[in-house]
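Engineer: Coordinates in upload.cif, mmCIF, C-alpha atoms and all ligand atoms, are listed below.
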data_data
#
loop_
_atom_site.label_atom_id
_atom_site.label_comp_id
_atom_site.auth_asym_id
_atom_site.auth_seq_id
_atom_site.Cartn_x
_atom_site.Cartn_y
_atom_site.Cartn_z
CA MET A 330 -34.72 -48.68 -1.94
CA GLY A 331 -35.72 -50.07 -5.34
CA GLU A 332 -35.46 -46.81 -7.24
CA PHE A 333 -32.24 -45.90 -5.54
CA PHE A 334 -30.80 -49.28 -6.53
CA TRP A 335 -31.63 -48.78 -10.19
CA LEU A 336 -30.29 -45.28 -10.12
CA LEU A 337 -26.96 -46.67 -8.90
CA VAL A 338 -26.92 -49.42 -11.53
CA PHE A 339 -27.75 -47.26 -14.49
CA THR A 340 -25.88 -44.13 -13.56
CA GLY A 341 -22.68 -46.14 -14.04
CA GLN A 342 -23.72 -47.24 -17.52
CA PHE A 343 -24.45 -43.79 -18.80
CA TYR A 344 -20.93 -42.59 -18.29
CA ASN A 345 -19.98 -44.96 -21.09
CA ARG A 346 -22.77 -44.04 -23.46
CA VAL A 347 -21.99 -42.78 -26.89
CA PRO A 348 -23.66 -39.65 -28.27
CA LEU A 349 -26.21 -39.82 -31.03
CA GLN A 350 -23.94 -38.75 -33.87
CA TRP A 351 -23.09 -41.53 -36.28
CA CYS A 352 -19.48 -42.51 -35.74
CA ARG A 353 -18.18 -39.03 -35.13
CA ALA A 354 -15.71 -38.25 -32.41
CA VAL A 355 -17.11 -39.17 -29.03
CA VAL A 356 -18.21 -36.18 -27.02
CA GLN A 357 -18.20 -36.42 -23.25
CA ALA A 358 -21.48 -38.15 -22.46
CA LYS A 359 -23.43 -36.85 -19.50
CA PRO A 360 -25.18 -39.10 -17.06
CA GLU A 361 -28.89 -39.12 -17.55
CA PRO A 362 -31.79 -40.79 -15.79
CA ASN A 363 -33.07 -44.05 -17.18
CA ASP A 364 -36.64 -43.96 -16.04
CA ASP A 365 -37.81 -45.91 -19.07
CA LEU A 366 -36.68 -49.28 -17.70
CA ILE A 367 -39.17 -50.91 -15.40
CA MET A 368 -38.37 -52.56 -12.09
CA SER A 369 -38.09 -56.25 -12.85
CA ASP A 370 -35.74 -59.15 -12.27
CA LEU A 371 -36.36 -60.33 -15.83
CA ARG A 372 -33.46 -59.98 -18.26
CA ILE A 373 -33.28 -60.26 -22.05
CA GLY A 374 -30.08 -61.51 -23.64
CA ILE A 375 -29.28 -61.77 -27.35
CA ASP A 376 -26.42 -63.64 -28.96
CA LEU A 377 -25.84 -62.09 -32.36
CA GLY A 378 -23.78 -64.59 -34.32
CA GLY A 379 -22.56 -64.79 -37.87
CA THR A 380 -25.13 -67.46 -38.79
CA LYS A 381 -27.85 -67.35 -36.12
CA THR A 382 -29.24 -64.84 -33.67
CA GLU A 383 -30.72 -66.11 -30.43
CA VAL A 384 -32.75 -64.42 -27.69
CA ILE A 385 -33.36 -65.60 -24.14
CA LEU A 386 -35.51 -64.39 -21.27
CA LEU A 387 -34.16 -65.16 -17.79
CA ASN A 388 -35.71 -64.54 -14.41
CA GLY A 389 -33.87 -63.63 -11.22
CA GLN A 390 -33.45 -67.30 -10.34
CA SER A 391 -31.50 -67.90 -13.58
CA GLN A 392 -34.41 -69.82 -15.08
CA GLU A 393 -35.00 -69.66 -18.79
CA LEU A 394 -38.54 -68.46 -19.50
CA PHE A 395 -38.33 -68.01 -23.25
CA ARG A 396 -35.86 -68.69 -26.01
CA THR A 397 -35.94 -68.58 -29.77
CA ARG A 398 -33.47 -68.22 -32.60
CA ILE A 399 -33.51 -66.98 -36.17
CA PRO A 400 -30.98 -67.15 -38.99
CA THR A 401 -28.86 -64.01 -39.06
CA VAL A 402 -29.51 -61.90 -42.14
CA ARG A 403 -26.01 -61.33 -43.38
CA HIS A 404 -24.62 -58.13 -44.88
CA ASP A 405 -27.75 -56.10 -44.12
CA TYR A 406 -27.28 -53.80 -41.13
CA PRO A 407 -30.79 -52.26 -41.11
CA ALA A 408 -32.27 -55.79 -41.24
CA THR A 409 -30.02 -56.82 -38.34
CA LEU A 410 -31.34 -53.91 -36.26
CA ARG A 411 -34.94 -54.77 -37.14
CA ASP A 412 -34.41 -58.43 -36.25
CA LEU A 413 -32.85 -57.56 -32.91
CA ALA A 414 -35.74 -55.25 -32.04
CA ASP A 415 -38.21 -57.93 -33.12
CA LEU A 416 -36.56 -60.56 -30.90
CA VAL A 417 -36.70 -58.17 -27.94
CA GLY A 418 -40.40 -57.68 -28.73
CA GLN A 419 -40.98 -61.45 -28.76
CA ALA A 420 -39.24 -61.90 -25.40
CA GLU A 421 -41.22 -59.04 -23.88
CA LYS A 422 -44.44 -60.51 -25.19
CA ALA A 423 -43.55 -63.80 -23.49
CA ALA A 424 -42.73 -61.87 -20.31
CA GLY A 425 -45.91 -59.83 -20.42
CA GLN A 426 -43.72 -56.82 -19.65
CA SER A 427 -42.03 -54.14 -21.70
CA GLN A 428 -38.92 -51.97 -21.33
CA LEU A 429 -36.90 -54.85 -19.86
CA PRO A 430 -33.10 -54.59 -19.63
CA VAL A 431 -31.37 -55.89 -22.79
CA GLY A 432 -27.81 -57.14 -23.28
CA ILE A 433 -26.27 -58.27 -26.55
CA GLY A 434 -23.20 -60.34 -27.30
CA ILE A 435 -21.53 -59.74 -30.66
CA PRO A 436 -18.63 -61.39 -32.48
CA GLY A 437 -16.59 -58.20 -32.19
CA THR A 438 -16.19 -55.26 -29.84
CA ILE A 439 -17.30 -51.65 -29.45
CA SER A 440 -14.51 -49.15 -30.05
CA ARG A 441 -14.20 -46.66 -27.23
CA LYS A 442 -12.90 -44.10 -29.72
CA THR A 443 -15.78 -44.19 -32.15
CA GLY A 444 -18.57 -46.03 -30.34
CA CYS A 445 -18.76 -48.27 -33.40
CA VAL A 446 -18.28 -52.02 -33.81
CA LYS A 447 -14.80 -53.23 -34.73
CA ASN A 448 -13.04 -56.59 -35.16
CA ALA A 449 -16.33 -58.36 -35.95
CA ASN A 450 -16.18 -61.40 -38.20
CA ALA A 451 -19.80 -60.49 -38.99
CA THR A 452 -18.16 -57.81 -41.10
CA TRP A 453 -21.28 -55.80 -41.96
CA LEU A 454 -21.41 -54.68 -38.31
CA ASN A 455 -17.95 -53.11 -38.44
CA GLY A 456 -18.01 -49.32 -38.34
CA LYS A 457 -21.66 -49.26 -37.28
CA PRO A 458 -22.88 -47.59 -34.04
CA LEU A 459 -24.83 -50.71 -33.08
CA GLN A 460 -25.13 -49.93 -29.38
CA GLN A 461 -26.43 -46.41 -29.97
CA ASP A 462 -28.77 -47.39 -32.79
CA LEU A 463 -30.32 -50.15 -30.71
CA SER A 464 -30.62 -47.92 -27.67
CA ASP A 465 -32.46 -45.39 -29.85
CA LEU A 466 -34.63 -48.04 -31.43
CA LEU A 467 -35.57 -49.71 -28.14
CA LYS A 468 -35.71 -46.44 -26.17
CA ARG A 469 -33.47 -47.72 -23.40
CA SER A 470 -29.80 -48.23 -22.62
CA VAL A 471 -28.62 -51.47 -24.25
CA GLN A 472 -25.46 -53.27 -23.14
CA VAL A 473 -23.26 -54.66 -25.91
CA THR A 474 -20.04 -56.63 -25.54
CA ASN A 475 -17.91 -59.31 -27.13
CA ASP A 476 -19.35 -62.82 -27.10
CA ALA A 477 -16.31 -64.20 -25.25
CA ASN A 478 -16.97 -61.68 -22.48
CA CYS A 479 -20.52 -63.04 -22.39
CA LEU A 480 -19.11 -66.51 -21.70
CA ALA A 481 -17.13 -65.07 -18.80
CA VAL A 482 -20.13 -63.14 -17.43
CA SER A 483 -22.42 -66.15 -17.82
CA GLU A 484 -20.09 -68.53 -16.02
CA ALA A 485 -19.25 -65.94 -13.36
CA THR A 486 -22.92 -65.22 -12.64
CA ASP A 487 -24.45 -68.68 -12.36
CA GLY A 488 -21.98 -71.11 -13.91
CA ALA A 489 -18.64 -72.75 -13.18
CA GLY A 490 -17.13 -69.42 -12.10
CA LYS A 491 -19.85 -68.54 -9.61
CA GLY A 492 -18.41 -67.34 -6.33
CA TYR A 493 -15.05 -66.37 -7.84
CA GLU A 494 -14.07 -62.72 -8.25
CA LEU A 495 -11.84 -62.78 -11.32
CA VAL A 496 -12.94 -65.27 -13.97
CA PHE A 497 -10.89 -66.03 -17.07
CA ALA A 498 -13.05 -67.83 -19.63
CA GLY A 499 -11.14 -69.30 -22.56
CA ILE A 500 -12.81 -70.56 -25.72
CA LEU A 501 -11.14 -73.51 -27.42
CA GLY A 502 -13.23 -73.77 -30.56
CA THR A 503 -12.60 -73.10 -34.22
CA GLY A 504 -10.51 -70.22 -32.92
CA CYS A 505 -9.13 -69.39 -29.50
CA GLY A 506 -10.59 -66.41 -27.68
CA ALA A 507 -11.26 -65.49 -24.08
CA GLY A 508 -13.26 -63.16 -21.92
CA LEU A 509 -12.70 -61.76 -18.47
CA ALA A 510 -15.21 -60.93 -15.78
CA TYR A 511 -14.54 -59.25 -12.45
CA LYS A 512 -17.33 -59.51 -9.89
CA GLY A 513 -19.65 -60.59 -12.68
CA LYS A 514 -18.91 -57.66 -14.99
CA PRO A 515 -16.91 -57.88 -18.21
CA ILE A 516 -13.45 -56.38 -18.41
CA VAL A 517 -13.07 -54.81 -21.84
CA GLY A 518 -10.05 -52.49 -21.70
CA PRO A 519 -9.29 -49.28 -23.60
CA ASN A 520 -8.55 -51.16 -26.82
CA GLY A 521 -11.39 -53.62 -26.45
CA VAL A 522 -9.01 -56.56 -26.66
CA ALA A 523 -8.85 -57.84 -23.08
CA GLY A 524 -8.80 -61.63 -23.27
CA GLU A 525 -7.43 -61.86 -26.82
CA TRP A 526 -4.78 -64.28 -25.63
CA GLY A 527 -5.18 -66.38 -28.78
CA HIS A 528 -2.93 -64.01 -30.69
CA ASN A 529 -0.02 -64.02 -28.30
CA PRO A 530 2.72 -66.43 -29.32
CA LEU A 531 2.74 -69.69 -27.38
CA PRO A 532 5.36 -69.24 -24.63
CA TRP A 533 8.24 -71.63 -23.94
CA THR A 534 8.16 -72.78 -27.56
CA SER A 535 11.01 -72.95 -30.07
CA GLN A 536 11.25 -70.44 -32.90
CA GLU A 537 11.04 -73.31 -35.35
CA GLU A 538 7.75 -74.53 -33.89
CA LEU A 539 6.30 -71.02 -33.88
CA GLU A 540 7.26 -70.33 -37.48
CA ALA A 541 5.70 -73.60 -38.61
CA ARG A 542 2.25 -72.22 -37.77
CA PRO A 543 1.30 -69.04 -39.63
CA CYS A 544 -1.84 -67.31 -38.31
CA TYR A 545 -4.49 -65.38 -40.26
CA CYS A 546 -3.68 -62.32 -38.14
CA GLY A 547 -0.40 -61.96 -40.04
CA LYS A 548 1.90 -63.34 -37.35
CA SER A 549 2.92 -66.91 -36.70
CA GLY A 550 2.98 -69.21 -33.69
CA CYS A 551 -0.11 -67.58 -32.14
CA GLN A 552 -1.62 -69.65 -29.32
CA GLU A 553 -4.71 -70.02 -31.47
CA THR A 554 -2.71 -72.04 -33.99
CA PHE A 555 -1.93 -74.57 -31.22
CA LEU A 556 -4.85 -74.46 -28.79
CA SER A 557 -7.93 -74.12 -31.00
CA GLY A 558 -9.67 -77.18 -32.39
CA THR A 559 -8.14 -76.24 -35.72
CA GLY A 560 -4.72 -76.14 -34.04
CA LEU A 561 -5.18 -79.58 -32.49
CA CYS A 562 -6.10 -81.03 -35.90
CA LEU A 563 -3.08 -79.31 -37.42
CA SER A 564 -0.83 -80.92 -34.81
CA TYR A 565 -2.18 -84.33 -35.75
CA GLN A 566 -1.76 -83.59 -39.43
CA MET A 567 1.84 -82.45 -38.90
CA ALA A 568 2.57 -85.71 -37.06
CA THR A 569 0.83 -88.11 -39.45
CA ASP A 570 0.11 -86.32 -42.74
CA GLN A 571 -3.52 -87.33 -42.17
CA GLN A 572 -6.52 -85.15 -41.51
CA LYS A 573 -8.74 -86.04 -38.55
CA LYS A 574 -11.36 -84.15 -36.61
CA GLY A 575 -10.74 -83.34 -32.93
CA TYR A 576 -13.10 -85.98 -31.57
CA GLU A 577 -11.58 -88.57 -33.91
CA ILE A 578 -8.13 -87.87 -32.46
CA VAL A 579 -9.56 -88.34 -28.95
CA GLU A 580 -11.20 -91.63 -30.01
CA LEU A 581 -7.96 -92.89 -31.56
CA ALA A 582 -6.05 -92.06 -28.38
CA LYS A 583 -8.62 -93.95 -26.29
CA LYS A 584 -8.15 -96.97 -28.53
CA GLY A 585 -4.43 -96.89 -27.85
CA ASP A 586 -3.15 -95.08 -30.95
CA LEU A 587 0.30 -93.91 -29.87
CA VAL A 588 0.56 -90.92 -32.20
CA ALA A 589 -2.89 -89.62 -31.19
CA GLN A 590 -1.88 -90.00 -27.54
CA GLN A 591 1.35 -88.10 -28.16
CA VAL A 592 -0.50 -85.33 -30.00
CA LEU A 593 -2.97 -84.97 -27.13
CA ASP A 594 -0.19 -85.12 -24.57
CA ALA A 595 1.58 -82.29 -26.39
CA TYR A 596 -1.72 -80.40 -26.55
CA TYR A 597 -2.17 -80.57 -22.76
CA ASP A 598 1.33 -79.22 -22.36
CA GLN A 599 0.69 -76.42 -24.86
CA LEU A 600 -2.57 -75.50 -23.12
CA ALA A 601 -0.75 -75.43 -19.77
CA LYS A 602 1.83 -73.07 -21.28
CA GLY A 603 -0.87 -70.78 -22.63
CA LEU A 604 -2.79 -70.72 -19.36
CA ALA A 605 0.38 -70.26 -17.30
CA GLY A 606 0.95 -67.08 -19.31
CA VAL A 607 -2.50 -65.90 -18.22
CA ILE A 608 -1.85 -66.86 -14.59
CA ASN A 609 1.52 -65.10 -14.56
CA THR A 610 -0.19 -61.96 -15.86
CA LEU A 611 -3.57 -61.89 -14.13
CA ASP A 612 -3.68 -64.75 -11.63
CA PRO A 613 -7.43 -65.24 -12.09
CA ASP A 614 -9.38 -66.98 -9.32
CA VAL A 615 -10.68 -69.59 -11.76
CA ILE A 616 -10.16 -70.61 -15.37
CA VAL A 617 -13.30 -71.75 -17.17
CA LEU A 618 -13.01 -73.38 -20.58
CA GLY A 619 -15.66 -73.46 -23.30
CA GLY A 620 -15.76 -74.41 -26.99
CA GLY A 621 -15.64 -77.83 -28.64
CA VAL A 622 -12.16 -78.83 -27.43
CA SER A 623 -13.14 -78.04 -23.82
CA ASN A 624 -15.25 -81.23 -23.91
CA ILE A 625 -12.09 -83.36 -23.69
CA ALA A 626 -12.40 -84.55 -20.08
CA ASP A 627 -8.69 -85.30 -19.64
CA ILE A 628 -7.89 -81.57 -19.96
CA TYR A 629 -9.09 -81.03 -16.39
CA VAL A 630 -6.75 -83.72 -15.08
CA GLN A 631 -3.71 -83.26 -17.30
CA VAL A 632 -3.48 -79.47 -17.54
CA PRO A 633 -3.53 -78.76 -13.77
CA LEU A 634 -0.76 -81.35 -13.36
CA ARG A 635 1.38 -79.38 -15.82
CA LEU A 636 0.61 -75.79 -14.81
CA SER A 637 3.14 -75.62 -11.98
CA ARG A 638 5.92 -76.38 -14.48
CA TYR A 639 5.34 -73.00 -16.07
CA VAL A 640 3.77 -70.73 -13.45
CA PHE A 641 6.31 -68.49 -11.77
CA GLY A 642 7.33 -69.90 -8.40
CA GLY A 643 6.50 -73.47 -9.33
CA GLU A 644 3.13 -73.65 -7.56
CA CYS A 645 -0.35 -73.40 -9.01
CA ASP A 646 -3.68 -73.90 -7.27
CA THR A 647 -5.86 -72.26 -9.93
CA PRO A 648 -8.96 -74.36 -10.66
CA VAL A 649 -9.39 -75.21 -14.35
CA VAL A 650 -13.00 -76.23 -15.00
CA PRO A 651 -15.34 -76.75 -17.96
CA ALA A 652 -18.08 -74.20 -18.64
CA ILE A 653 -21.48 -75.27 -17.31
CA HIS A 654 -23.74 -73.56 -19.79
CA GLY A 655 -21.98 -74.68 -22.98
CA ASP A 656 -23.47 -73.21 -26.13
CA SER A 657 -25.94 -71.18 -24.04
CA SER A 658 -23.21 -69.13 -22.38
CA GLY A 659 -23.28 -66.41 -25.03
CA VAL A 660 -26.96 -65.68 -24.78
CA ARG A 661 -27.15 -66.14 -21.00
CA GLY A 662 -24.13 -63.94 -20.42
CA ALA A 663 -25.67 -61.26 -22.63
CA ALA A 664 -28.71 -61.26 -20.34
CA TRP A 665 -26.46 -60.90 -17.29
CA LEU A 666 -24.74 -57.84 -18.76
CA ASN A 667 -27.52 -56.18 -16.78
CA PRO A 668 -26.73 -57.73 -13.39
CA LEU A 669 -29.38 -58.14 -10.72
CA GLU A 670 -27.34 -56.16 -8.23
ZN ZN A 701 -2.73 -64.68 -34.68
#
Here is a file; write its structure as structure tokens.
Ligand SMILES: [Zn+2]

Structural biologist:
Amino acid sequence: MGEFFWLLVFTGQFYNRVPLQWCRAVVQAKPEPNDDLIMSDLRIGIDLGGTKTEVILLNGQSQELFRTRIPTVRHDYPATLRDLADLVGQAEKAAGQSQLPVGIGIPGTISRKTGCVKNANATWLNGKPLQQDLSDLLKRSVQVTNDANCLAVSEATDGAGKGYELVFAGILGTGCGAGLAYKGKPIVGPNGVAGEWGHNPLPWTSQEELEARPCYCGKSGCQETFLSGTGLCLSYQMATDQQKKGYEIVELAKKGDLVAQQVLDAYYDQLAKGLAGVINTLDPDVIVLGGGVSNIADIYVQVPLRLSRYVFGGECDTPVVPAIHGDSSGVRGAAWLNPLE
């Protein structure tokens, strides 16, 4: 039973593998056996970020057995590969086992066309066949996906989205991203942009309001310019001509500051509009929110109250909940890119 199980799990992965050639056109990859991986319920996850790289070792009961982090060596791809391999080695040493399944979350995506990284804000990864190079280096199939997808996988596996089939996980941080997981597996899409809702314009918003918020992507009125922490601060600045941090705006509102309350009230409405767009498109079973702004407790009261104003048909029962694993979602979700079943 055990071997047959692994054969099923890994046969699926090999259909997506990229050939050894460096960034040449992808040739049809053939399925191949993956006998190198041992039978174990231990999983290694790595969160490769722009400033730090973290590794975790999880067991089948979702318990963390080992974790460490190092500063990311920037603009040095060979050093990045070496560091990733070294972190895997450290986790395996802690496990007392080798050839464990490895998943990695990156601040970008793997292009299906080239097999190389694209859209990474850790720019030295762009154009590099990271997944293939690591698979070669570690002598096993390595799973690589966007860090927002890792949030979705993490929360779907053993977090706030556990038990739901289709999980939409939005990140309300410095920027505004999202990941999608269906039955615990990330949905990536042919362009690798599934979940990039942050760069759709905010719906049900006047042209004037949209044009007042240019976005770095070249367009204006993107949801990110409203719904990210940066967007919330911008809203406050537009209302008062003063700069405040997100938590300061929340504090002011609690103390009865009318403008801060109005800014937050408008924010809840904007977030409801953005999420209603997601519900009208995908109707996920649950919406999980992560990132700094997701710590505002009133979101989970105020946004559900407003969703039915915008969702087609005027009804909305979609749960909107905060992520359970917080900052650990990236690294935990990376580990669960190799699911237990
Ligand atoms: Zn944009």

Engineer: Out of A:Gly603, A:Val588, A:Ala510, A:Gln571, which residue has the shortest atom-to-atom distance to Phe555 of chain A when counting all atoms listed in the file?

Structural biologist: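 Going through A:Gly603, A:Val588, A:Ala510, A:Gln571 one by one, the smallest distance to Phe555 of chain A is for A:Gly603.
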
Engineer: List all protein, DNA and RNA residues that have any atom at most 9 Å from ligand ZN 701 (chain A), counting all atoms listed in the file, and write the list as a ChimeraX atom specification.

Structural biologist: /A:527-530,543-554

Engineer: With only C-alpha atoms as the atoms that count, which of A:Thr452, A:Thr610, A:Ser658, A:Leu593 lies nearest to Val632 of chain A?

Structural biologist: A:Leu593

Engineer: Between atom CA of Thr486 of chain A and atom CA of Val384 of chain A, measure the distance and give it in Å to one decimal.

Structural biologist: 18.0 Å

Engineer: So for segment 625-637 of chain A, what box centre and size do we get, axis-aligned, 3 Å extra on each of the six sides, every listed atom, Å to one decimal, as lines of an AutoDock Vina configuration file?

Structural biologist:
center_x = -4.6
center_y = -80.5
center_z = -17.8
size_x = 21.5
size_y = 15.7
size_z = 17.7

Engineer: How many Å lie between atom CA of Pro648 of chain A and atom CA of Ile616 of chain A, rounded to one decimal?

Structural biologist: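 A separation of 6.1 Å between them.
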
Engineer: Output as a tab-separated table one row per residue of segment 388-443 of chain A within 8 Å of segment 666-670 of chain A: the closest atom pair and its distance in Å to one decimal place, counting all atoms listed in the file, sorted by chain and residue number ascending.

Structural biologist:
residue	atom	partner	partner_atom	distance
A:Gly389	CA	A:Leu669	CA	7.1
A:Pro430	CA	A:Asn667	CA	6.5
A:Val431	CA	A:Asn667	CA	7.1
A:Gly432	CA	A:Leu666	CA	5.5
A:Ile433	CA	A:Leu666	CA	8.0

Engineer: Take the point (-15.1, -55.9, -35.5) in the file's coordinates, draw a sphere of radius 12 Å around it, and report as a PyMOL selection string every protein, DNA or RNA residue with an atom inside or on it, counting all atoms listed in the file.

Structural biologist: chain A and resi 379+435-440+444-459+474-476+520-522

Engineer: Which one of A:Asn609, A:Thr397, A:Thr559, A:Ser564 sits closest to Ala589 of chain A if you count all atoms listed in the file?

Structural biologist: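 Among the listed residues, A:Ser564 lies closest to Ala589 of chain A.
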
Engineer: Counting only C-alpha atoms, what is within 12 Å of Leu480 of chain A, bar same-chain residues fewer than 3 positions away, as number ranges by chain?

Structural biologist: A: 376, 433-436, 474-477, 483-490, 496-500, 506-510, 513-515, 524, 616-620, 651-666

Engineer: Between A:Val615, A:Val473, A:Ile628, A:Val649, which residue has the minimum interatomic distance to Gly492 of chain A, considering only C-alpha atoms?

Structural biologist: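 The shortest atom-to-atom distance to Gly492 of chain A comes from A:Val615.
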
Engineer: Mind listing whatever residues come within 12 Å of the point (-10.8, -80.7, -26.5)? Use only C-alpha atoms, file coordinates, and give them as a VMD selection string.

Structural biologist: chain A and resid 500 to 503 505 555 to 562 574 to 580 592 to 594 596 to 597 600 618 to 629 631 to 632 651

Engineer: Filtering to C-alpha atoms, could you give me those residues as a PDB file, in the coordinates of the input?

Structural biologist:
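What ended up in again-v2.pdb:
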ATOM      1  CA  ILE A 500     -12.810 -70.560 -25.720  1.00  0.00           C
ATOM      2  CA  LEU A 501     -11.140 -73.510 -27.420  1.00  0.00           C
ATOM      3  CA  GLY A 502     -13.230 -73.770 -30.560  1.00  0.00           C
ATOM      4  CA  THR A 503     -12.600 -73.100 -34.220  1.00  0.00           C
ATOM      5  CA  CYS A 505      -9.130 -69.390 -29.500  1.00  0.00           C
ATOM      6  CA  PHE A 555      -1.930 -74.570 -31.220  1.00  0.00           C
ATOM      7  CA  LEU A 556      -4.850 -74.460 -28.790  1.00  0.00           C
ATOM      8  CA  SER A 557      -7.930 -74.120 -31.000  1.00  0.00           C
ATOM      9  CA  GLY A 558      -9.670 -77.180 -32.390  1.00  0.00           C
ATOM     10  CA  THR A 559      -8.140 -76.240 -35.720  1.00  0.00           C
ATOM     11  CA  GLY A 560      -4.720 -76.140 -34.040  1.00  0.00           C
ATOM     12  CA  LEU A 561      -5.180 -79.580 -32.490  1.00  0.00           C
ATOM     13  CA  CYS A 562      -6.100 -81.030 -35.900  1.00  0.00           C
ATOM     14  CA  LYS A 574     -11.360 -84.150 -36.610  1.00  0.00           C
ATOM     15  CA  GLY A 575     -10.740 -83.340 -32.930  1.00  0.00           C
ATOM     16  CA  TYR A 576     -13.100 -85.980 -31.570  1.00  0.00           C
ATOM     17  CA  GLU A 577     -11.580 -88.570 -33.910  1.00  0.00           C
ATOM     18  CA  ILE A 578      -8.130 -87.870 -32.460  1.00  0.00           C
ATOM     19  CA  VAL A 579      -9.560 -88.340 -28.950  1.00  0.00           C
ATOM     20  CA  GLU A 580     -11.200 -91.630 -30.010  1.00  0.00           C
ATOM     21  CA  VAL A 592      -0.500 -85.330 -30.000  1.00  0.00           C
ATOM     22  CA  LEU A 593      -2.970 -84.970 -27.130  1.00  0.00           C
ATOM     23  CA  ASP A 594      -0.190 -85.120 -24.570  1.00  0.00           C
ATOM     24  CA  TYR A 596      -1.720 -80.400 -26.550  1.00  0.00           C
ATOM     25  CA  TYR A 597      -2.170 -80.570 -22.760  1.00  0.00           C
ATOM     26  CA  LEU A 600      -2.570 -75.500 -23.120  1.00  0.00           C
ATOM     27  CA  LEU A 618     -13.010 -73.380 -20.580  1.00  0.00           C
ATOM     28  CA  GLY A 619     -15.660 -73.460 -23.300  1.00  0.00           C
ATOM     29  CA  GLY A 620     -15.760 -74.410 -26.990  1.00  0.00           C
ATOM     30  CA  GLY A 621     -15.640 -77.830 -28.640  1.00  0.00           C
ATOM     31  CA  VAL A 622     -12.160 -78.830 -27.430  1.00  0.00           C
ATOM     32  CA  SER A 623     -13.140 -78.040 -23.820  1.00  0.00           C
ATOM     33  CA  ASN A 624     -15.250 -81.230 -23.910  1.00  0.00           C
ATOM     34  CA  ILE A 625     -12.090 -83.360 -23.690  1.00  0.00           C
ATOM     35  CA  ALA A 626     -12.400 -84.550 -20.080  1.00  0.00           C
ATOM     36  CA  ASP A 627      -8.690 -85.300 -19.640  1.00  0.00           C
ATOM     37  CA  ILE A 628      -7.890 -81.570 -19.960  1.00  0.00           C
ATOM     38  CA  TYR A 629      -9.090 -81.030 -16.390  1.00  0.00           C
ATOM     39  CA  GLN A 631      -3.710 -83.260 -17.300  1.00  0.00           C
ATOM     40  CA  VAL A 632      -3.480 -79.470 -17.540  1.00  0.00           C
ATOM     41  CA  PRO A 651     -15.340 -76.750 -17.960  1.00  0.00           C
TER      42      PRO A 651
END
